[in-house]
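Here is work23.txt, consisting of compact mmCIF, C-alpha atoms:
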# COMPACT_ATOMS: atom_id res chain seq x y z
CA GLN A 1 92.73 88.17 92.40
CA LYS A 2 90.55 89.90 94.97
CA GLU A 3 87.28 91.09 93.44
CA VAL A 4 84.55 93.53 94.32
CA GLU A 5 81.39 93.32 92.22
CA GLN A 6 78.63 95.88 91.72
CA ASN A 7 75.79 96.26 89.26
CA SER A 8 76.79 99.02 86.88
CA GLY A 9 73.28 100.41 86.56
CA PRO A 10 71.97 102.90 85.88
CA LEU A 11 69.65 102.54 88.84
CA SER A 12 66.76 104.86 88.16
CA VAL A 13 64.90 106.00 91.28
CA PRO A 14 62.00 108.45 91.66
CA GLU A 15 62.64 111.41 93.91
CA GLY A 16 61.72 110.57 97.50
CA ALA A 17 62.11 106.82 97.03
CA ILE A 18 64.75 104.49 98.48
CA ALA A 19 67.76 103.58 96.36
CA SER A 20 69.29 100.20 97.17
CA LEU A 21 72.84 99.44 96.04
CA ASN A 22 74.57 96.11 96.41
CA CYS A 23 78.18 94.95 96.51
CA THR A 24 79.78 91.53 96.89
CA TYR A 25 83.44 90.83 97.61
CA SER A 26 85.72 87.80 97.38
CA ASP A 27 88.29 88.35 100.16
CA ARG A 28 86.97 86.65 103.32
CA GLY A 29 89.72 88.34 105.33
CA SER A 30 88.46 91.85 104.60
CA GLN A 31 87.40 93.83 107.65
CA SER A 32 86.78 97.36 106.36
CA PHE A 33 84.13 98.39 103.88
CA PHE A 34 83.46 101.75 102.34
CA TRP A 35 81.03 103.54 100.09
CA TYR A 36 82.28 106.46 98.03
CA ARG A 37 80.17 108.83 95.95
CA GLN A 38 81.63 110.20 92.73
CA TYR A 39 79.97 112.96 90.77
CA SER A 40 80.82 113.22 87.09
CA GLY A 41 84.19 114.91 86.66
CA LYS A 42 84.94 114.86 90.38
CA SER A 43 87.00 112.64 92.67
CA PRO A 44 85.49 110.02 95.01
CA GLU A 45 84.07 111.29 98.29
CA LEU A 46 83.76 108.98 101.30
CA ILE A 47 80.17 108.77 102.51
CA MET A 48 80.05 105.65 104.67
CA SER A 49 82.33 103.14 106.34
CA ILE A 50 81.28 99.95 108.10
CA TYR A 51 83.32 97.35 109.94
CA SER A 52 80.83 95.15 111.84
CA ASN A 53 77.94 92.99 110.73
CA GLY A 54 74.60 94.75 110.78
CA ASP A 55 73.40 98.21 109.91
CA LYS A 56 75.03 101.60 110.26
CA GLU A 57 72.98 104.74 109.70
CA ASP A 58 74.22 108.24 108.88
CA GLY A 59 71.54 110.70 107.92
CA ARG A 60 69.74 109.42 104.84
CA PHE A 61 72.36 106.72 104.27
CA THR A 62 72.35 103.22 105.76
CA ALA A 63 75.14 100.73 105.15
CA GLN A 64 74.49 97.04 105.75
CA LEU A 65 77.19 94.39 106.14
CA ASN A 66 76.94 90.60 106.12
CA LYS A 67 80.40 89.08 106.30
CA ALA A 68 79.12 85.50 106.14
CA SER A 69 77.51 86.22 102.78
CA GLN A 70 80.36 88.60 101.75
CA TYR A 71 77.81 91.25 100.98
CA VAL A 72 77.61 94.95 101.72
CA SER A 73 74.82 97.29 100.68
CA LEU A 74 73.93 100.97 100.77
CA LEU A 75 70.44 102.37 101.15
CA ILE A 76 69.69 105.98 100.28
CA ARG A 77 66.39 107.10 101.79
CA ASP A 78 64.33 110.02 100.48
CA SER A 79 66.47 110.12 97.33
CA GLN A 80 67.13 113.59 95.93
CA PRO A 81 68.27 114.63 92.45
CA SER A 82 71.55 115.67 94.09
CA ASP A 83 72.13 111.99 94.91
CA SER A 84 72.54 111.28 91.20
CA ALA A 85 76.13 110.03 90.98
CA THR A 86 78.21 106.88 90.73
CA TYR A 87 78.57 104.98 94.01
CA LEU A 88 81.75 102.98 94.49
CA CYS A 89 82.07 100.11 96.93
CA ALA A 90 85.58 99.60 98.34
CA VAL A 91 86.94 96.77 100.45
CA ASN A 92 90.28 96.55 102.21
CA GLU A 93 92.68 93.73 101.47
CA GLY A 94 93.15 91.31 104.30
CA ALA A 95 92.44 91.73 107.98
CA ALA A 96 94.60 94.81 108.52
CA GLY A 97 95.48 95.88 105.02
CA ASN A 98 95.55 99.52 104.05
CA LYS A 99 94.99 98.86 100.35
CA LEU A 100 91.50 99.14 98.93
CA THR A 101 89.94 97.26 96.05
CA PHE A 102 87.14 99.12 94.31
CA GLY A 103 84.08 97.79 92.58
CA GLY A 104 83.09 99.04 89.17
CA GLY A 105 80.53 101.44 90.62
CA THR A 106 76.76 101.77 90.33
CA ARG A 107 75.37 104.79 88.56
CA VAL A 108 72.28 106.19 90.27
CA LEU A 109 69.81 108.52 88.57
CA VAL A 110 67.20 110.21 90.75
CA LYS A 111 64.35 111.56 88.65
CA PRO A 112 62.27 114.51 89.91
CA SER B 1 90.10 115.12 107.24
CA ALA B 2 93.24 116.39 105.48
CA VAL B 3 93.08 118.88 102.64
CA ILE B 4 94.65 117.37 99.53
CA SER B 5 95.69 119.25 96.41
CA GLN B 6 97.01 118.01 93.09
CA LYS B 7 98.86 119.81 90.33
CA PRO B 8 98.17 120.10 87.48
CA SER B 9 94.40 119.67 87.53
CA ARG B 10 94.47 118.77 83.84
CA ASP B 11 96.94 118.64 80.98
CA ILE B 12 97.11 117.74 77.33
CA CYS B 13 100.40 116.13 76.32
CA GLN B 14 102.04 114.76 73.22
CA ARG B 15 102.88 111.08 72.94
CA GLY B 16 106.39 110.20 73.96
CA THR B 17 106.64 112.94 76.58
CA SER B 18 106.44 112.67 80.37
CA LEU B 19 104.28 114.44 82.94
CA THR B 20 104.88 114.75 86.66
CA ILE B 21 101.83 115.07 88.91
CA GLN B 22 102.17 116.50 92.40
CA CYS B 23 100.11 115.63 95.46
CA GLN B 24 100.31 117.91 98.50
CA VAL B 25 98.60 117.33 101.86
CA ASP B 26 98.13 119.99 104.53
CA SER B 27 99.11 117.63 107.35
CA GLN B 28 101.42 114.66 107.79
CA VAL B 29 99.97 111.35 106.68
CA THR B 30 101.47 107.90 106.92
CA MET B 31 99.91 106.41 103.80
CA MET B 32 99.77 107.84 100.29
CA PHE B 33 98.50 106.03 97.23
CA TRP B 34 98.25 106.68 93.50
CA TYR B 35 95.30 105.48 91.41
CA ARG B 36 94.32 105.58 87.78
CA GLN B 37 90.75 105.93 86.58
CA GLN B 38 90.36 105.28 82.88
CA PRO B 39 87.35 106.75 81.07
CA GLY B 40 84.13 105.15 82.28
CA GLN B 41 86.02 102.80 84.60
CA SER B 42 86.55 102.40 88.30
CA LEU B 43 89.73 103.07 90.25
CA THR B 44 92.84 100.95 89.83
CA LEU B 45 95.65 101.20 92.36
CA ILE B 46 98.99 101.98 90.73
CA ALA B 47 101.23 101.97 93.80
CA THR B 48 101.69 102.81 97.43
CA ALA B 49 104.09 105.73 97.88
CA ASN B 50 106.50 104.97 100.69
CA GLN B 51 108.26 107.79 102.49
CA GLY B 52 112.00 107.55 102.07
CA SER B 53 111.97 104.32 100.07
CA GLU B 54 110.84 102.90 96.75
CA ALA B 55 107.14 102.74 96.04
CA THR B 56 105.28 99.43 96.12
CA TYR B 57 103.76 98.77 92.71
CA GLU B 58 100.68 96.72 91.89
CA SER B 59 100.66 94.03 89.27
CA GLY B 60 100.76 95.55 85.80
CA PHE B 61 102.49 98.76 86.85
CA VAL B 62 106.25 99.27 86.75
CA ILE B 63 108.63 101.86 88.10
CA ASP B 64 110.08 102.73 84.69
CA LYS B 65 106.64 103.79 83.45
CA PHE B 66 105.30 105.33 86.67
CA PRO B 67 108.20 106.53 88.84
CA ILE B 68 107.00 107.80 92.22
CA SER B 69 108.71 109.92 94.80
CA ARG B 70 107.72 110.62 98.39
CA PRO B 71 110.35 112.76 100.07
CA ASN B 72 108.29 113.50 103.21
CA LEU B 73 104.96 112.84 104.91
CA THR B 74 103.04 115.58 103.09
CA PHE B 75 104.16 115.34 99.46
CA SER B 76 104.40 112.83 96.64
CA THR B 77 104.84 112.89 92.88
CA LEU B 78 103.81 110.47 90.15
CA THR B 79 105.45 110.68 86.74
CA VAL B 80 103.78 109.18 83.69
CA SER B 81 106.68 108.42 81.34
CA ASN B 82 106.86 108.01 77.58
CA MET B 83 103.14 108.62 77.30
CA SER B 84 100.81 107.06 74.76
CA PRO B 85 97.10 107.77 74.15
CA GLU B 86 96.31 104.73 76.33
CA ASP B 87 97.62 106.70 79.31
CA SER B 88 94.77 109.19 78.97
CA SER B 89 93.07 108.88 82.36
CA ILE B 90 92.37 110.62 85.60
CA TYR B 91 95.18 110.16 88.09
CA LEU B 92 94.25 110.40 91.75
CA CYS B 93 96.25 110.47 94.92
CA SER B 94 94.75 109.37 98.20
CA VAL B 95 95.90 109.51 101.79
CA GLY B 96 95.31 107.43 104.86
CA THR B 97 96.64 106.33 108.21
CA SER B 98 98.70 103.20 108.75
CA GLY B 99 96.51 100.47 110.26
CA ILE B 100 93.29 102.17 109.19
CA ALA B 101 91.93 101.43 105.74
CA THR B 102 90.03 104.70 105.27
CA GLN B 103 91.33 106.77 102.35
CA TYR B 104 90.58 110.30 101.24
CA PHE B 105 91.11 111.41 97.68
CA GLY B 106 92.62 114.45 96.09
CA PRO B 107 90.78 116.27 93.30
CA GLY B 108 92.55 114.34 90.55
CA THR B 109 94.57 115.18 87.43
CA ARG B 110 92.86 114.70 84.07
CA LEU B 111 95.47 113.71 81.50
CA THR B 112 94.87 113.60 77.76
CA VAL B 113 97.61 112.22 75.52
CA LEU B 114 97.45 113.04 71.81
Produce structure tokens that represent the structure in this file.
Amino acid sequence: QKEVEQNSGPLSVPEGAIASLNCTYSDRGSQSFFWYRQYSGKSPELIMSIYSNGDKEDGRFTAQLNKASQYVSLLIRDSQPSDSATYLCAVNEGAAGNKLTFGGGTRVLVKP
Amino acid sequence: SAVISQKPSRDICQRGTSLTIQCQVDSQVTMMFWYRQQPGQSLTLIATANQGSEATYESGFVIDKFPISRPNLTFSTLTVSNMSPEDSSIYLCSVGTSGIATQYFGPGTRLTVL
């Protein structure tokens, strides 16, 4: 059973601070890693994808991947109240698999 | 990315009945998936909808309970059959491209079974 693990939170962050979210996965063959943001009552929205070890930056978001440690993280810089949502980590199955396995999600609360 | 719509957006149904959910995409896509998100939970893959052939179901999901059709590359339906209150969930379709794991989600269908 392939697993993706996240802390459920809530992760409470002051406005303007950095939110750090972590995700570990069990499938060593996975090659594609995604972060989705889900607002309450809405569907998941893709915010980041990462495929290679290291960092990938997109605006205020930075994804970090370490395949040796089977660890992927998301940093949200200058957190805003609009960043308050549940963040889902997703990992593909196998080297070229299209199917995704989702973690349980981390709820983030940004306090003004 | 493709524009994805789902119908209905929400419904309240009686136990023992069936509901068919539609997923429409504004462009042809090779991969379509159906997920369930139970209250307060993450996403669980129900099946991969295959164009012109039977869907591929994940462990714990069966065709008799969740029949799926995919007549072309822009449309799919999921039926939730003989519903019970435990089927109350959000049902989501997603789309992707064969060989690329990225998926984009439709707006979801919120189902309540009484």
Next on the checklist: Using all atoms listed in the file, I'd like every residue of chain B that has an atom within 9 Å of chain A; please write them out as a VMD selection string.
Outcome noted: chain B and resid 31 33 41 to 45 48 92 96 to 108
Closest atom pairs, stretch 76-99 of chain B residues within 10 Å of stretch 9-14 of chain B, only C-alpha atoms, as a tab-separated table:
residue	atom	partner	partner_atom	distance
B:Asn82	CA	B:Gln14	CA	9.4
B:Met83	CA	B:Gln14	CA	7.5
B:Ser84	CA	B:Gln14	CA	7.9
B:Pro85	CA	B:Gln14	CA	8.6
B:Ser88	CA	B:Ile12	CA	9.0
B:Ile90	CA	B:Arg10	CA	8.6
B:Tyr91	CA	B:Ser9	CA	9.6
Checklist entry - Could you work out how far atom CA of A:Gln64 lies from atom CA of A:Ser52, giving the answer in Å with one decimal? => result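 Atom-to-atom, atom CA of A:Ser52 to atom CA of A:Gln64, that is 9.0 Å.
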Next on the checklist: Could you list, as number ranges by chain, every residue within 6 Å of stretch 4-21 of chain A, counting only C-alpha atoms and ignoring same-chain residues fewer than 4 positions away?
Outcome noted: A: 25, 73-80, 103, 105-112
Checklist entry - Just how far from atom CA of A:Val72 is atom CA of A:Met48, in Å to one decimal? => result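 Going from atom CA of A:Met48 over to atom CA of A:Val72, I get 11.4 Å.
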Checklist entry - Can you tell me how far atom CA of B:Thr56 sits from atom CA of B:Ser1, in Å to one decimal? => result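 Interatomic distance, atom CA of B:Thr56 to atom CA of B:Ser1: 24.5 Å.
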Item to check | A:Ser26 surroundings by all atoms listed in the file, 8 Å radius, close-in-sequence under 5 positions cut, as a PyMOL selection string | outcome: chain A and resi 2-4+70
Next on the checklist: Using only C-alpha atoms, can you tell me which of B:Tyr57, B:Leu19, B:Thr30, B:Pro67 comes closest to B:Ala2?
Outcome noted: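 With only C-alpha atoms as the atom set, the closest residue is B:Thr30.
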Next on the checklist: Around (108.6, 111.0, 89.0), as given in the file, which residues come within 10 Å? Count only C-alpha atoms and list them as a PyMOL selection string.
Outcome noted: chain B and resi 18-22+63-70+76-81
